[in-house]
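> Coordinates in coords_15.txt, compact mmCIF, C-alpha atoms and all ligand atoms, are listed below.
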```txt
# COMPACT_ATOMS: atom_id res chain seq x y z
CA MET H 1 11.53 4.56 7.66
CA VAL H 2 10.03 3.43 10.95
CA ARG H 3 10.21 -0.22 11.89
CA SER H 4 8.82 -0.55 15.36
CA VAL H 5 10.29 -4.03 15.84
CA GLN H 6 13.20 -6.05 14.52
CA HIS H 7 13.12 -9.83 14.26
CA GLU H 8 15.17 -12.59 12.73
CA MET H 9 12.97 -13.08 9.69
CA LEU H 10 13.18 -9.54 8.35
CA PRO H 11 15.22 -9.34 5.17
CA ARG H 12 18.39 -7.30 5.75
CA PRO H 13 18.94 -4.89 2.87
CA THR H 14 22.46 -3.95 1.82
CA ALA H 15 23.27 -0.23 1.87
CA ASP H 16 22.50 0.00 -1.87
CA GLU H 17 19.22 -1.86 -1.49
CA ALA H 18 18.20 0.30 1.49
CA SER H 19 18.99 3.44 -0.45
CA ARG H 20 16.87 2.27 -3.41
CA GLN H 21 14.04 1.39 -1.01
CA GLN H 22 14.22 4.87 0.56
CA PHE H 23 14.01 6.36 -2.90
CA ILE H 24 10.91 4.27 -3.67
CA VAL H 25 9.15 5.58 -0.56
CA ALA H 26 9.83 9.17 -1.69
CA PHE H 27 8.80 8.29 -5.28
CA LYS H 28 5.50 6.77 -4.09
CA GLN H 29 4.83 9.71 -1.79
CA ALA H 30 5.30 12.08 -4.71
CA MET H 31 2.96 10.01 -6.88
CA ASN H 32 0.22 9.19 -4.38
CA ARG H 33 0.18 12.11 -2.00
CA GLY H 34 1.56 14.83 -4.25
CA LEU H 35 0.66 14.59 -7.93
CA ARG H 36 -2.45 12.50 -7.39
CA SER H 37 -4.10 15.33 -5.44
CA THR H 38 -3.91 17.64 -8.46
CA GLN H 39 -6.08 15.42 -10.67
CA GLY H 40 -9.45 16.82 -9.57
CA ARG H 41 -8.33 20.34 -10.51
CA LEU H 42 -6.88 19.13 -13.81
CA PHE H 43 -10.20 17.46 -14.61
CA GLU H 44 -12.35 20.47 -13.71
CA ALA H 45 -10.13 23.14 -15.29
CA VAL H 46 -8.80 21.47 -18.43
CA ILE H 47 -10.01 17.98 -19.21
CA ALA H 48 -13.78 18.26 -18.72
CA PRO H 49 -14.04 21.54 -20.71
CA GLY H 50 -11.94 20.04 -23.53
CA TYR H 51 -14.13 16.93 -23.62
CA GLU H 52 -17.26 19.10 -23.71
CA GLN H 53 -15.88 21.08 -26.63
CA ARG H 54 -15.24 17.87 -28.57
CA THR H 55 -18.47 16.01 -27.74
CA GLY H 56 -21.00 18.70 -26.84
CA HIS H 57 -21.41 17.50 -23.25
CA ALA H 58 -19.34 17.20 -20.09
CA PRO H 59 -18.09 13.69 -19.17
CA ARG H 60 -20.78 12.17 -16.94
CA THR H 61 -20.29 8.45 -16.56
CA ARG H 62 -17.17 6.75 -15.21
CA ASP H 63 -16.37 5.43 -18.71
CA GLU H 64 -16.61 8.94 -20.18
CA ILE H 65 -14.40 10.30 -17.40
CA ARG H 66 -11.89 7.49 -18.00
CA ASP H 67 -11.87 8.23 -21.77
CA ALA H 68 -11.35 11.94 -21.13
CA MET H 69 -8.63 11.48 -18.50
CA GLY H 70 -6.95 8.67 -20.45
CA ALA H 71 -6.51 10.99 -23.46
CA ASP H 72 -4.65 13.59 -21.38
CA PRO H 73 -0.82 13.33 -21.45
CA ALA H 74 -0.42 14.65 -17.88
CA TYR H 75 -2.79 11.99 -16.50
CA ARG H 76 -1.24 9.24 -18.61
CA GLY H 77 2.19 10.29 -17.38
CA TRP H 78 1.09 10.20 -13.75
CA SER H 79 -0.62 6.84 -14.16
CA SER H 80 2.45 5.27 -15.82
CA LEU H 81 4.76 6.61 -13.11
CA ALA H 82 2.43 5.43 -10.32
CA ARG H 83 2.41 1.93 -11.82
CA ALA H 84 6.19 2.01 -12.27
CA ALA H 85 6.66 3.12 -8.63
CA GLN H 86 4.59 0.15 -7.44
CA GLU H 87 6.58 -2.29 -9.64
CA GLN H 88 9.87 -0.76 -8.48
CA MET H 89 8.79 -1.15 -4.88
CA TRP H 90 8.46 -4.94 -5.22
CA ILE H 91 11.65 -5.17 -7.29
CA SER H 92 13.63 -3.20 -4.70
CA VAL H 93 12.37 -5.41 -1.87
CA GLY H 94 12.80 -8.55 -3.97
CA ASP H 95 16.52 -7.77 -4.33
CA SER H 96 16.92 -8.24 -0.54
CA VAL H 97 14.42 -11.10 -0.18
CA PHE H 98 15.74 -13.30 -3.00
CA ARG H 99 19.38 -12.66 -2.03
CA GLU H 100 18.46 -13.84 1.47
CA ARG H 101 16.15 -16.66 0.45
CA GLU H 102 18.26 -19.45 1.94
CA ARG H 103 18.95 -17.65 5.21
CA LEU H 104 15.24 -16.97 5.63
CA ALA H 105 14.28 -20.59 4.88
CA ASP H 106 16.96 -21.93 7.26
CA THR H 107 15.96 -19.51 10.03
CA ALA H 108 12.31 -20.46 9.62
CA LYS H 109 13.14 -24.19 9.80
CA ARG H 110 15.16 -23.65 12.99
CA LEU H 111 12.47 -21.51 14.67
CA SER H 112 9.65 -23.85 13.62
CA ALA H 113 11.49 -26.95 14.88
CA SER H 114 12.76 -25.39 18.13
CA SER H 115 11.69 -27.14 21.34
CA ALA H 116 11.13 -23.63 22.76
CA ARG H 117 8.49 -22.80 20.12
CA ARG H 118 5.20 -21.50 21.44
CA GLY H 119 2.90 -21.83 18.45
CA SER H 120 2.70 -24.20 15.48
CA LEU H 121 2.70 -24.38 11.68
CA ASN H 122 0.09 -26.59 10.03
CA LEU H 123 0.50 -26.73 6.24
CA ASP H 124 -1.83 -28.90 4.16
CA PRO H 125 -0.02 -30.53 1.19
CA GLN H 126 -3.41 -31.23 -0.45
CA PHE H 127 -4.55 -27.61 -0.21
CA VAL H 128 -5.09 -25.84 -3.54
CA PRO H 129 -4.96 -22.02 -3.14
CA PRO H 130 -8.04 -20.33 -4.67
CA ARG H 131 -7.81 -18.98 -8.22
CA GLY H 132 -8.50 -15.46 -6.97
CA VAL H 133 -5.05 -15.56 -5.36
CA THR H 134 -3.11 -17.53 -7.99
CA ALA H 135 -4.47 -15.93 -11.20
CA VAL H 136 -3.02 -12.47 -10.48
CA ASP H 137 -0.19 -11.06 -8.40
CA ILE H 138 -2.38 -8.94 -6.14
CA HIS H 139 -1.16 -5.31 -5.90
CA LEU H 140 1.71 -6.50 -8.13
CA GLN H 141 3.50 -8.39 -5.33
CA THR H 142 6.14 -10.50 -7.08
CA GLY H 143 4.94 -14.10 -7.45
CA GLY H 144 1.65 -13.39 -5.66
CA TYR H 145 0.42 -14.34 -2.21
CA ALA H 146 0.60 -18.08 -2.86
CA MET H 147 4.19 -18.17 -4.21
CA ASP H 148 6.16 -21.15 -2.90
CA LEU H 149 9.57 -21.74 -4.50
CA GLY H 150 10.17 -25.00 -2.59
CA GLY H 151 12.78 -25.96 0.01
CA GLY H 152 10.92 -24.28 2.88
CA ASP H 153 10.58 -21.03 0.92
CA CYS H 154 9.34 -18.00 2.90
CA SER H 155 9.77 -15.33 0.22
CA ALA H 156 6.05 -14.49 -0.09
CA GLY H 157 5.89 -13.54 3.59
CA ALA H 158 9.19 -11.65 3.51
CA LEU H 159 8.08 -9.72 0.44
CA TYR H 160 4.75 -8.96 2.07
CA GLU H 161 6.25 -7.57 5.27
CA ALA H 162 9.19 -5.68 3.76
CA GLY H 163 7.11 -4.43 0.82
CA GLY H 164 4.22 -3.53 3.12
CA ASN H 165 6.56 -1.33 5.08
CA LEU H 166 7.36 0.68 1.96
CA TYR H 167 3.73 0.53 0.78
CA ALA H 168 2.64 2.22 4.01
CA PHE H 169 5.35 4.87 3.50
CA GLY H 170 7.48 3.27 6.19
CA GLN H 171 4.87 3.18 8.95
CA GLY H 172 2.68 0.71 10.71
CA ILE H 173 4.37 -2.66 10.42
CA GLY H 174 5.74 -4.12 13.59
CA ARG H 175 4.98 -5.83 16.82
CA THR H 176 1.87 -3.72 17.44
CA ASP H 177 0.21 -3.49 14.07
CA SER H 178 -1.94 -0.37 13.83
CA LYS H 179 -4.96 -2.18 12.38
CA ALA H 180 -5.01 -4.75 15.18
CA ALA H 181 -4.52 -2.00 17.78
CA HIS H 182 -7.56 -0.13 16.42
CA VAL H 183 -9.69 -3.27 16.45
CA GLN H 184 -8.57 -4.13 19.98
CA ARG H 185 -9.57 -0.65 21.20
CA PHE H 186 -12.95 -1.09 19.49
CA ILE H 187 -13.45 -4.50 21.14
CA ALA H 188 -12.49 -3.18 24.60
CA ALA H 189 -14.97 -0.28 24.30
CA ARG H 190 -17.84 -2.21 22.73
CA PHE H 191 -17.46 -5.63 24.41
CA PRO H 192 -15.76 -4.90 27.76
CA GLY H 193 -16.77 -8.29 29.18
CA LEU H 194 -15.26 -10.33 26.32
CA LYS H 195 -12.49 -12.63 27.58
CA PRO H 196 -11.74 -14.74 24.52
CA ARG H 197 -10.44 -18.28 25.06
CA ARG H 198 -9.83 -18.91 21.36
CA ILE H 199 -9.16 -16.26 18.70
CA LEU H 200 -8.99 -16.67 14.92
CA ASP H 201 -7.27 -14.22 12.53
CA MET H 202 -8.36 -14.83 8.91
CA GLY H 203 -6.12 -13.95 5.94
CA CYS H 204 -3.14 -13.36 8.22
CA SER H 205 -0.41 -12.91 5.55
CA ALA H 206 2.90 -12.39 7.42
CA GLY H 207 1.07 -12.47 10.76
CA SER H 208 1.67 -8.84 11.67
CA SER H 209 -1.93 -8.50 12.88
CA SER H 210 -2.04 -11.98 14.48
CA VAL H 211 0.88 -11.40 16.88
CA PRO H 212 -0.76 -8.42 18.66
CA TYR H 213 -3.71 -10.68 19.65
CA ALA H 214 -1.36 -13.22 21.22
CA LEU H 215 0.33 -10.39 23.12
CA ALA H 216 -2.91 -8.66 24.17
CA PHE H 217 -4.71 -11.89 25.20
CA PRO H 218 -1.96 -14.07 26.70
CA ASP H 219 -4.50 -16.53 28.15
CA ALA H 220 -6.19 -17.12 24.79
CA GLU H 221 -5.23 -19.71 22.17
CA VAL H 222 -4.61 -17.73 18.99
CA HIS H 223 -5.04 -19.29 15.54
CA ALA H 224 -4.36 -17.64 12.16
CA ILE H 225 -5.15 -18.86 8.65
CA ASP H 226 -4.02 -18.02 5.14
CA VAL H 227 -3.92 -19.80 1.79
CA GLY H 228 -0.20 -19.33 1.00
CA SER H 229 2.38 -21.81 2.35
CA GLY H 230 5.33 -19.40 1.86
CA MET H 231 3.35 -16.75 3.67
CA LEU H 232 2.51 -19.07 6.58
CA ARG H 233 6.08 -20.39 7.04
CA TYR H 234 7.27 -16.81 7.33
CA ALA H 235 4.39 -15.80 9.64
CA HIS H 236 5.07 -18.67 12.03
CA ALA H 237 8.81 -18.07 12.19
CA ARG H 238 8.22 -14.33 12.64
CA ALA H 239 5.80 -14.94 15.52
CA GLU H 240 8.26 -17.33 17.19
CA SER H 241 11.05 -14.81 16.78
CA LEU H 242 8.82 -12.27 18.56
CA GLY H 243 7.98 -14.75 21.34
CA ALA H 244 4.28 -14.89 20.39
CA ALA H 245 2.23 -18.11 20.52
CA VAL H 246 0.20 -18.31 17.33
CA HIS H 247 -1.00 -21.50 15.58
CA PHE H 248 -0.90 -20.99 11.80
CA HIS H 249 -3.00 -23.11 9.40
CA GLN H 250 -3.31 -23.32 5.64
CA MET H 251 -7.06 -22.96 5.21
CA ASP H 252 -9.65 -21.06 3.19
CA CYS H 253 -11.60 -18.44 5.16
CA ALA H 254 -14.87 -19.60 3.58
CA ALA H 255 -14.37 -23.25 4.53
CA THR H 256 -12.02 -23.82 7.46
CA GLY H 257 -11.65 -27.19 9.13
CA PHE H 258 -12.45 -25.95 12.65
CA PRO H 259 -15.48 -27.35 14.50
CA ASP H 260 -18.70 -25.35 15.09
CA GLY H 261 -18.52 -22.81 17.92
CA PHE H 262 -14.72 -23.13 18.30
CA PHE H 263 -13.90 -19.40 18.68
CA ASP H 264 -14.98 -16.52 20.93
CA LEU H 265 -13.35 -13.89 18.74
CA ILE H 266 -12.79 -13.91 14.98
CA VAL H 267 -10.98 -11.06 13.23
CA SER H 268 -9.64 -10.26 9.79
CA HIS H 269 -7.55 -7.29 8.67
CA ASN H 270 -7.58 -5.88 5.15
CA MET H 271 -8.71 -9.22 3.72
CA MET H 272 -12.23 -8.37 2.52
CA HIS H 273 -11.03 -6.14 -0.34
CA GLU H 274 -8.89 -9.01 -1.67
CA ILE H 275 -11.49 -11.78 -1.89
CA SER H 276 -14.41 -12.28 -4.27
CA GLY H 277 -18.00 -11.51 -3.28
CA ALA H 278 -18.78 -15.24 -3.07
CA THR H 279 -15.74 -15.88 -0.83
CA ARG H 280 -16.64 -12.88 1.36
CA ARG H 281 -20.21 -14.15 1.85
CA GLY H 282 -18.84 -17.64 2.55
CA MET H 283 -16.37 -16.13 5.05
CA LEU H 284 -19.21 -14.35 6.90
CA ARG H 285 -21.23 -17.61 7.06
CA GLU H 286 -18.12 -19.40 8.28
CA SER H 287 -17.62 -16.71 10.96
CA ARG H 288 -21.19 -17.34 12.18
CA ARG H 289 -20.63 -21.11 12.23
CA LEU H 290 -17.33 -20.85 14.10
CA LEU H 291 -18.51 -18.43 16.79
CA THR H 292 -19.55 -19.73 20.17
CA PRO H 293 -22.65 -18.16 21.84
CA GLY H 294 -21.58 -14.70 23.06
CA GLY H 295 -18.71 -14.67 20.51
CA VAL H 296 -17.80 -11.67 18.35
CA CYS H 297 -16.39 -11.24 14.85
CA VAL H 298 -14.74 -8.02 13.65
CA HIS H 299 -13.72 -7.83 9.99
CA GLN H 300 -11.63 -4.70 9.49
CA ASP H 301 -10.67 -3.18 6.16
CA VAL H 302 -9.88 0.04 4.31
CA PRO H 303 -12.61 2.74 4.42
CA LEU H 304 -13.39 2.32 0.72
CA ARG H 305 -17.15 2.70 0.20
CA PHE H 306 -18.55 3.77 -3.20
CA ASN H 307 -21.97 4.64 -1.78
CA GLY H 308 -22.37 8.45 -1.94
CA LEU H 309 -19.23 9.13 -4.02
CA SER H 310 -19.21 11.17 -7.24
CA GLU H 311 -18.43 9.44 -10.53
CA PHE H 312 -15.06 11.24 -10.59
CA GLN H 313 -14.18 9.94 -7.11
CA LYS H 314 -15.15 6.42 -8.20
CA PHE H 315 -13.00 6.82 -11.31
CA GLU H 316 -10.04 7.88 -9.16
CA LEU H 317 -10.46 4.99 -6.75
CA SER H 318 -10.84 2.46 -9.54
CA TRP H 319 -7.21 3.13 -10.59
CA ASP H 320 -6.14 0.21 -8.40
CA THR H 321 -8.50 -2.24 -10.11
CA LEU H 322 -7.11 -1.43 -13.53
CA ASN H 323 -3.47 -0.69 -12.76
CA ASN H 324 -2.56 -2.34 -9.47
CA ASN H 325 -4.01 -5.87 -9.89
CA GLU H 326 -6.72 -5.41 -7.29
CA PRO H 327 -9.55 -7.40 -8.93
CA TYR H 328 -11.85 -7.22 -5.89
CA TRP H 329 -11.26 -3.57 -4.96
CA GLU H 330 -14.58 -2.34 -6.40
CA VAL H 331 -16.39 -5.56 -5.50
CA TYR H 332 -15.58 -4.68 -1.89
CA ALA H 333 -16.28 -0.94 -2.32
CA ASN H 334 -19.81 -1.76 -3.54
CA ALA H 335 -20.56 -4.45 -0.94
CA ASP H 336 -23.44 -3.91 1.47
CA LEU H 337 -22.17 -5.74 4.52
CA GLU H 338 -25.10 -5.32 6.86
CA PRO H 339 -27.54 -7.47 4.80
CA GLU H 340 -24.68 -9.89 4.11
CA LEU H 341 -24.13 -10.39 7.85
CA ARG H 342 -27.88 -11.01 8.28
CA GLU H 343 -27.84 -13.51 5.41
CA ALA H 344 -24.88 -15.18 7.13
CA GLY H 345 -27.17 -15.87 10.09
CA PHE H 346 -26.50 -12.97 12.49
CA ASP H 347 -29.44 -11.21 14.19
CA ALA H 348 -30.20 -7.73 12.79
CA ASP H 349 -29.75 -6.14 16.25
CA ARG H 350 -26.33 -7.77 16.75
CA ILE H 351 -24.54 -6.13 13.81
CA HIS H 352 -22.37 -3.02 13.65
CA VAL H 353 -21.03 -1.76 10.33
CA GLY H 354 -19.08 1.51 10.20
CA SER H 355 -15.83 3.39 10.63
CA LEU H 356 -13.43 3.29 13.54
CA PRO H 357 -12.12 6.67 14.62
CA ALA H 358 -8.72 7.44 13.07
CA ALA H 359 -5.87 7.53 15.56
CA HIS H 360 -2.17 8.38 15.29
CA GLY H 361 -2.51 9.52 11.68
CA SER H 362 -3.98 6.21 10.46
CA LEU H 363 -6.88 5.77 8.09
CA PRO H 364 -10.34 5.73 9.71
CA TRP H 365 -10.51 1.93 9.34
CA PHE H 366 -13.84 0.31 8.47
CA VAL H 367 -15.31 -2.64 10.36
CA ALA H 368 -18.08 -5.17 9.75
CA CYS H 369 -18.83 -6.60 13.20
CA ALA H 370 -21.43 -9.06 14.46
CA TRP H 371 -21.93 -11.05 17.62
CA ARG H 372 -23.95 -14.01 18.84
CA ALA H 373 -26.40 -13.99 21.72
CA GLU H 374 -25.11 -15.57 24.97
C1 LIG P 1 -3.96 -7.87 2.44
S1 LIG P 1 -3.51 -9.41 2.98
C2 LIG P 1 -3.94 -9.43 4.71
C3 LIG P 1 -3.06 -8.64 5.59
C4 LIG P 1 -2.93 -9.15 7.01
N1 LIG P 1 -4.18 -9.55 7.60
C5 LIG P 1 -2.29 -8.07 7.85
O1 LIG P 1 -2.96 -7.52 8.70
O2 LIG P 1 -1.11 -7.78 7.62
C6 LIG P 1 -4.74 -10.55 2.39
C7 LIG P 1 -4.41 -11.98 2.71
O3 LIG P 1 -5.59 -12.75 2.52
C8 LIG P 1 -5.19 -14.03 2.05
N2 LIG P 1 -6.34 -14.68 1.42
C9 LIG P 1 -6.85 -14.45 0.18
N3 LIG P 1 -7.89 -15.26 -0.04
C10 LIG P 1 -8.05 -16.01 1.08
C11 LIG P 1 -8.94 -17.04 1.46
N4 LIG P 1 -9.91 -17.46 0.62
N5 LIG P 1 -8.80 -17.59 2.68
C12 LIG P 1 -7.82 -17.19 3.54
N6 LIG P 1 -6.93 -16.21 3.21
C13 LIG P 1 -7.05 -15.64 2.01
C14 LIG P 1 -4.05 -13.73 1.09
O4 LIG P 1 -3.24 -14.86 0.86
C15 LIG P 1 -3.33 -12.59 1.81
O5 LIG P 1 -2.27 -13.08 2.58
```
Let's see the structure in the file written out as structure tokens.


Amino acid sequence: MVRSVQHEMLPRPTADEASRQQFIVAFKQAMNRGLRSTQGRLFEAVIAPGYEQRTGHAPRTRDEIRDAMGADPAYRGWSSLARAAQEQMWISVGDSVFRERERLADTAKRLSASSARRGSLNLDPQFVPPRGVTAVDIHLQTGGYAMDLGGGDCSAGALYEAGGNLYAFGQGIGRTDSKAAHVQRFIAARFPGLKPRRILDMGCSAGSSSVPYALAFPDAEVHAIDVGSGMLRYAHARAESLGAAVHFHQMDCAATGFPDGFFDLIVSHNMMHEISGATRRGMLRESRRLLTPGGVCVHQDVPLRFNGLSEFQKFELSWDTLNNNEPYWEVYANADLEPELREAGFDADRIHVGSLPAAHGSLPWFVACAWRAE
């Protein structure tokens, strides 16, 4: 497993825990990269002909495809194992995180209270996390994004970072997060004159995308928001441990407390697929309100677009909605972001929606970008 940076807040697995976590990476690779790729052939060669024999026609709609696939023991076996691998991933990471809960809370308190701290932590005791985050444990993360066990608990952030490392097959979490690096390259190429004074990262989780902005723009004031207090405590302590100045706030991306025109650059990473359509539209309106003239927003996410896909491809991609607690996965996949950015108040000729070129083996990330006239 590659961890490009070590810091004080990372949970330290015992040898047994590390071995189980290594096993989970291999298990998930076998499920997601290996067996999953055989499903199209299974459908074409066995399942669709069998369905046609029984019903007189090939499965056409997504529901018919789901019925046909769901009746097949090989598919059911794969689906059960893929779900079990995801649950085991969080359990294996939870073993380290919950064993280390007190050390993590104490370390976070020390780093947050240190006179050498560079950023800040601004939790709002009156803040109620949105139901979209509390009603389900998104992608099965134990306790969900908003988990706070009290006593300065940081477990949600520790789970997110350590679990995310396994989720990404051991790549891409560290000081220079790959998503932020892609967005920064895009910004440098598309807006070479942009010298942001204030930057906002929305839906920052453990802050692994926020820190690279503080490092890349040392003269800018960097702010990051999320709804989870346990997530934010961890993110702040992690940033301090890495020597990065980031100001973390407990706020909703659709209704922050910042004044109009406060930021020159607003970013988010992999947040859009985890918020409802109403929150996403509110977040785009909020981006427009918060941007100063000449300011830019870049909302990056996974390249999951349903437009142009076959019903079988949509069926395959909807596995996460049904089995991995991703309630907004398809809401995002079906979203048409260009008209949404216009409705949010951006000019039609100051919008760019599309893919970023893949680099270093990453996904070809997707961005919804808009900017204000000078
Ligand atoms: C997939 S994670 C983001 C990952 C992170 N940006 C990164 O690059 O590592 C989605 C985050 O969005 C947060 N979130 C969900 N709804 C939100 C909202 N309405 N406002 C702000 N953050 C929200 C969740 O708590 C979660 O931490």

> Would you list the residues that come within 7 Å of ligand LIG 1 (chain P)? Count only C-alpha atoms and all ligand atoms and give the answer as a ChimeraX atom specification.

/H:130,132-133,145-146,179,202-209,225-228,231,251-254,268-271,274-275,279

> For the residues in the current selection, export C-alpha atoms as a compact mmCIF listing (two decimals), in the frame of the given file.


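Final file, selection-v5.txt:
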```
# COMPACT_ATOMS: atom_id res chain seq x y z
CA PRO H 130 -8.04 -20.33 -4.67
CA GLY H 132 -8.50 -15.46 -6.97
CA VAL H 133 -5.05 -15.56 -5.36
CA TYR H 145 0.42 -14.34 -2.21
CA ALA H 146 0.60 -18.08 -2.86
CA LYS H 179 -4.96 -2.18 12.38
CA MET H 202 -8.36 -14.83 8.91
CA GLY H 203 -6.12 -13.95 5.94
CA CYS H 204 -3.14 -13.36 8.22
CA SER H 205 -0.41 -12.91 5.55
CA ALA H 206 2.90 -12.39 7.42
CA GLY H 207 1.07 -12.47 10.76
CA SER H 208 1.67 -8.84 11.67
CA SER H 209 -1.93 -8.50 12.88
CA ILE H 225 -5.15 -18.86 8.65
CA ASP H 226 -4.02 -18.02 5.14
CA VAL H 227 -3.92 -19.80 1.79
CA GLY H 228 -0.20 -19.33 1.00
CA MET H 231 3.35 -16.75 3.67
CA MET H 251 -7.06 -22.96 5.21
CA ASP H 252 -9.65 -21.06 3.19
CA CYS H 253 -11.60 -18.44 5.16
CA ALA H 254 -14.87 -19.60 3.58
CA SER H 268 -9.64 -10.26 9.79
CA HIS H 269 -7.55 -7.29 8.67
CA ASN H 270 -7.58 -5.88 5.15
CA MET H 271 -8.71 -9.22 3.72
CA GLU H 274 -8.89 -9.01 -1.67
CA ILE H 275 -11.49 -11.78 -1.89
CA THR H 279 -15.74 -15.88 -0.83
```

> With 5 Å on each side, where is the centre of the axis-aligned box around all listed atoms of range 212-219 of chain H, and how long are its edges in Å to one decimal, as lines of an AutoDock Vina configuration file?


```
center_x = -2.2
center_y = -12.5
center_z = 23.4
size_x = 15.0
size_y = 18.1
size_z = 19.5
```

> Which of these residues is nearest to Gln141 in chain H, using all atoms listed in the file: H:Ser310, H:Gln88, H:Ser178, H:Asn122?

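Of the candidates, the smallest distance to Gln141 in chain H is held by H:Gln88.
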
> Looking at all atoms listed in the file, which of H:Ile24, H:Ala335, H:Met272, H:Ala168 is the one that sits closest to Ser92 in chain H?

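Of the candidates, the smallest distance to Ser92 in chain H is held by H:Ile24.
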
> As an exercise, work out the distance from CA of Gly345 in chain H to CA of Arg305 in chain H in Å and give it to one decimal place.

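A separation of 23.3 Å between them.
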
> Quick one: of H:Glu161, H:Asp264, H:Asp219, H:Glu311, who's nearest to His7 in chain H, counting all atoms listed in the file?

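Between H:Glu161, H:Asp264, H:Asp219, H:Glu311, the residue approaching His7 in chain H most closely is H:Glu161.
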
> Name the closest residue to Met69 in chain H among the candidates H:Phe263, H:Phe98, H:Phe27, H:Phe312; distances are taken between atoms, counting all atoms listed in the file.

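Using all atoms listed in the file, Met69 in chain H sits closest to H:Phe312.
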
> Suppose you want the space between CA of Arg110 in chain H and CA of Glu221 in chain H; what is it in Å?

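Going from CA of Arg110 in chain H over to CA of Glu221 in chain H, I get 22.7 Å.
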